[in-house]
Amino acid sequence: DLIEAKHWYEHPTDPTADVVVSPILIPPGLDVVTINCAGRMFAPKRLPNESISIGDEVFFPGLFTDVAGKTQNTPVVRQGTIAMFPREQVQVDLKNGGSELMDVYIIEARSIKGLSGSPVFVRETVHVRGRDLFGKRDTGQAESVSGFRLLGLLSGHWDLTAYPLSINAGLTFVVPAHKIIETLDHPELIRMRKDTETELMRKSASARFRSEERR
């Protein structure tokens with residue numbers, strides 16, 4: 001309730017993209033930690049040149065609603081691996097009981113209530129080549145390193161239904177990071193950013209002018 005979102009902007013061309021954006025003003029004194037993902041968005045067009053592939057480690061912070069905290073929200077971090085980069089849209093179930101085709105990545109991880117919308121990060125993988133102990137053949141080793149990319153936003157998961165039970169299948173779908181960028185590039189949001197930059201430049205110039213007058 002501390003932050004009011006006055007308007008939500010959806011993806012400008014893809015109504016199935018499960019991502020929305022709202023400009024907000026963060027109140028002073030609110031404890032907020034941001035993660036700068038500039039230049040760290042995973043881009044599918046560069047996939048052939050990326051050191052990211054099936055089986056690589058992913059991790060995502062989120063809210064564990066059963067232990068949300070009373071005075072401060074403390075997130076949990078869950079992890080998994082990339083299971084599939086689909087080459088076509090995937091049929092996913094919706095909360096209203098329907099389903100639709102969406103552009104998603106699939107990861108092997110157990111999603112729970114409170115994690116929807118969480119950022120999903122993937123660790124870059126490096127491959128080290130060398131020789132075996134006898135020096136007779138090349139060997140390879142893959143290791144996870146500290147570098148990471150934003151893979152996308154966690155959207156939901158599949159359940160295996162065996163009436164009357166519904167069991168988490170352990171496969172979760174992720175909205176690709178490029179859908180976030182495309183939503184941020186909504187024409188109205190671009191206009192708002194330009195207007196804000198113009199206003200900040202005007203205020204900065206005005207402040208410099210007043211400072212020079214005092215001299």
# chains A, B, ... in the order shown; residues from 1 in each chain; ligands from 1
call {"tool": "select_by_dssp", "arguments": {"residues": "segment 43-200 of chain A", "states": "helix (DSSP H, G or I)", "output": "JSON, numbers by chain"}}
result
{"A": [44, 45, 46, 47, 48, 49, 65, 66, 67, 177, 178, 179, 180, 181, 182, 183, 184, 187, 188, 189, 190, 191, 192, 193, 194, 195, 196, 197, 198, 199, 200]}
call {"tool": "residues_around", "arguments": {"residues": "Ser111 of chain A", "least_positions_apart": "5", "cutoff": "8 Å", "atoms": "only C-alpha atoms", "output": "PyMOL selection string"}}
result
chain A and resi 116+156-157+170+172
call {"tool": "write_last_selection", "arguments": {"atoms": "all heavy atoms", "output": "tab-separated table (two decimals), in the first residue's frame"}}
result
chain	number	residue	atom	x	y	z
A	116	SER	N	5.38	-16.00	-8.40
A	116	SER	CA	4.98	-15.48	-9.71
A	116	SER	C	5.50	-14.05	-9.88
A	116	SER	O	5.35	-13.22	-9.00
A	116	SER	CB	3.46	-15.50	-9.85
A	116	SER	OG	2.97	-16.82	-9.79
A	156	GLY	N	4.53	-19.22	-14.25
A	156	GLY	CA	3.68	-20.26	-13.69
A	156	GLY	C	4.30	-21.63	-13.88
A	156	GLY	O	5.45	-21.75	-14.33
A	157	HIS	N	3.55	-22.66	-13.54
A	157	HIS	CA	4.08	-24.02	-13.67
A	157	HIS	C	2.97	-24.97	-14.10
A	157	HIS	O	1.79	-24.62	-14.10
A	157	HIS	CB	4.69	-24.50	-12.34
A	157	HIS	CG	3.68	-24.66	-11.24
A	157	HIS	ND1	3.31	-23.62	-10.42
A	157	HIS	CD2	2.96	-25.74	-10.84
A	157	HIS	CE1	2.41	-24.05	-9.56
A	157	HIS	NE2	2.17	-25.33	-9.80
A	170	GLY	N	7.06	-29.84	-11.49
A	170	GLY	CA	8.47	-29.46	-11.39
A	170	GLY	C	8.99	-28.77	-12.63
A	170	GLY	O	10.19	-28.53	-12.77
A	172	THR	N	8.52	-25.28	-14.87
A	172	THR	CA	8.02	-23.91	-14.72
A	172	THR	C	8.29	-23.13	-15.99
A	172	THR	O	9.33	-23.32	-16.64
A	172	THR	CB	8.72	-23.23	-13.53
A	172	THR	OG1	8.42	-23.98	-12.33
A	172	THR	CG2	8.28	-21.79	-13.36
call {"tool": "residues_around", "arguments": {"residues": "segment 53-63 of chain A", "least_positions_apart": "4", "cutoff": "6 Å", "atoms": "only C-alpha atoms", "output": "mmCIF file with N, CA, C and O atoms, in the first residue's frame"}}
result
data_model
loop_
_atom_site.group_PDB
_atom_site.id
_atom_site.type_symbol
_atom_site.label_atom_id
_atom_site.label_comp_id
_atom_site.auth_asym_id
_atom_site.auth_seq_id
_atom_site.Cartn_x
_atom_site.Cartn_y
_atom_site.Cartn_z
ATOM 1 N N PRO A 75 13.100 -12.547 1.392
ATOM 2 C CA PRO A 75 12.845 -13.488 0.294
ATOM 3 C C PRO A 75 13.568 -14.813 0.475
ATOM 4 O O PRO A 75 14.537 -14.919 1.231
ATOM 5 N N VAL A 76 13.066 -15.805 -0.216
ATOM 6 C CA VAL A 76 13.782 -17.064 -0.363
ATOM 7 C C VAL A 76 14.392 -17.086 -1.766
ATOM 8 O O VAL A 76 13.951 -16.352 -2.653
ATOM 9 N N VAL A 77 15.386 -17.905 -1.955
ATOM 10 C CA VAL A 77 15.983 -18.080 -3.275
ATOM 11 C C VAL A 77 15.903 -19.553 -3.637
ATOM 12 O O VAL A 77 16.400 -20.413 -2.900
ATOM 13 N N ARG A 78 15.262 -19.843 -4.761
ATOM 14 C CA ARG A 78 15.158 -21.219 -5.238
ATOM 15 C C ARG A 78 15.997 -21.360 -6.496
ATOM 16 O O ARG A 78 16.350 -20.367 -7.139
ATOM 17 N N GLN A 79 16.329 -22.590 -6.835
ATOM 18 C CA GLN A 79 17.177 -22.805 -7.991
ATOM 19 C C GLN A 79 16.700 -23.992 -8.810
ATOM 20 O O GLN A 79 15.869 -24.780 -8.370
ATOM 21 N N GLY A 80 17.246 -24.088 -10.012
ATOM 22 C CA GLY A 80 16.883 -25.180 -10.909
ATOM 23 C C GLY A 80 17.806 -25.156 -12.110
ATOM 24 O O GLY A 80 18.925 -24.636 -12.045
ATOM 25 N N THR A 81 17.327 -25.684 -13.219
ATOM 26 C CA THR A 81 18.122 -25.717 -14.447
ATOM 27 C C THR A 81 17.242 -25.413 -15.652
ATOM 28 O O THR A 81 16.022 -25.597 -15.606
ATOM 29 N N ILE A 82 17.861 -24.948 -16.724
ATOM 30 C CA ILE A 82 17.126 -24.729 -17.970
ATOM 31 C C ILE A 82 16.756 -26.090 -18.558
ATOM 32 O O ILE A 82 17.618 -26.956 -18.727
ATOM 33 N N ALA A 83 15.480 -26.277 -18.847
ATOM 34 C CA ALA A 83 15.007 -27.555 -19.385
ATOM 35 C C ALA A 83 14.769 -27.503 -20.895
ATOM 36 O O ALA A 83 14.970 -28.494 -21.594
ATOM 37 N N GLY A 114 3.547 -17.186 -4.466
ATOM 38 C CA GLY A 114 4.395 -16.104 -3.996
ATOM 39 C C GLY A 114 5.601 -15.850 -4.879
ATOM 40 O O GLY A 114 6.295 -14.853 -4.733
ATOM 41 N N LEU A 115 5.858 -16.773 -5.826
ATOM 42 C CA LEU A 115 7.020 -16.621 -6.705
ATOM 43 C C LEU A 115 6.662 -16.083 -8.083
ATOM 44 O O LEU A 115 7.559 -15.753 -8.857
ATOM 45 N N SER A 118 8.660 -13.345 -10.191
ATOM 46 C CA SER A 118 10.041 -13.261 -9.717
ATOM 47 C C SER A 118 11.016 -13.212 -10.893
ATOM 48 O O SER A 118 10.807 -13.884 -11.904
ATOM 49 N N PRO A 119 12.101 -12.437 -10.759
ATOM 50 C CA PRO A 119 13.128 -12.448 -11.808
ATOM 51 C C PRO A 119 13.883 -13.772 -11.773
ATOM 52 O O PRO A 119 14.247 -14.263 -10.707
ATOM 53 N N VAL A 120 14.091 -14.340 -12.944
ATOM 54 C CA VAL A 120 14.826 -15.611 -13.054
ATOM 55 C C VAL A 120 16.187 -15.325 -13.682
ATOM 56 O O VAL A 120 16.260 -14.804 -14.797
ATOM 57 N N PHE A 121 17.246 -15.651 -12.952
ATOM 58 C CA PHE A 121 18.599 -15.414 -13.426
ATOM 59 C C PHE A 121 19.237 -16.733 -13.837
ATOM 60 O O PHE A 121 18.958 -17.781 -13.248
ATOM 61 N N VAL A 122 20.094 -16.678 -14.847
ATOM 62 C CA VAL A 122 20.812 -17.863 -15.279
ATOM 63 C C VAL A 122 22.306 -17.588 -15.187
ATOM 64 O O VAL A 122 22.773 -16.509 -15.548
ATOM 65 N N ARG A 123 23.031 -18.550 -14.657
ATOM 66 C CA ARG A 123 24.482 -18.400 -14.545
ATOM 67 C C ARG A 123 25.139 -18.763 -15.876
ATOM 68 O O ARG A 123 24.797 -19.768 -16.495
#
call {"tool": "residues_around", "arguments": {"residues": "Leu160 of chain A", "least_positions_apart": "2", "cutoff": "6 Å", "atoms": "only C-alpha atoms", "output": "number ranges by chain"}}
result
A: 166-167, 169
call {"tool": "write_last_selection", "arguments": {"atoms": "all heavy atoms", "output": "compact mmCIF listing (two decimals), in the first residue's frame"}}
result
# COMPACT_ATOMS: atom_id res chain seq x y z
N SER A 166 -3.55 -32.99 -7.31
CA SER A 166 -2.86 -32.20 -8.32
C SER A 166 -1.43 -32.01 -7.83
O SER A 166 -1.22 -31.43 -6.76
CB SER A 166 -3.56 -30.84 -8.52
OG SER A 166 -2.91 -30.10 -9.52
N ILE A 167 -0.47 -32.51 -8.59
CA ILE A 167 0.92 -32.52 -8.14
C ILE A 167 1.76 -31.60 -9.02
O ILE A 167 1.65 -31.63 -10.25
CB ILE A 167 1.48 -33.96 -8.20
CG1 ILE A 167 0.61 -34.90 -7.37
CG2 ILE A 167 2.93 -33.99 -7.70
CD1 ILE A 167 0.98 -36.36 -7.53
N ALA A 169 4.45 -30.48 -11.28
CA ALA A 169 5.24 -31.28 -12.22
C ALA A 169 6.73 -30.94 -12.14
O ALA A 169 7.56 -31.68 -12.70
CB ALA A 169 4.74 -31.05 -13.65
call {"tool": "closest_residue", "arguments": {"among": "A:Val92, A:Ala17, A:Thr161, A:Pro23", "to": "Arg193 of chain A", "atoms": "only C-alpha atoms"}}
result
A:Pro23
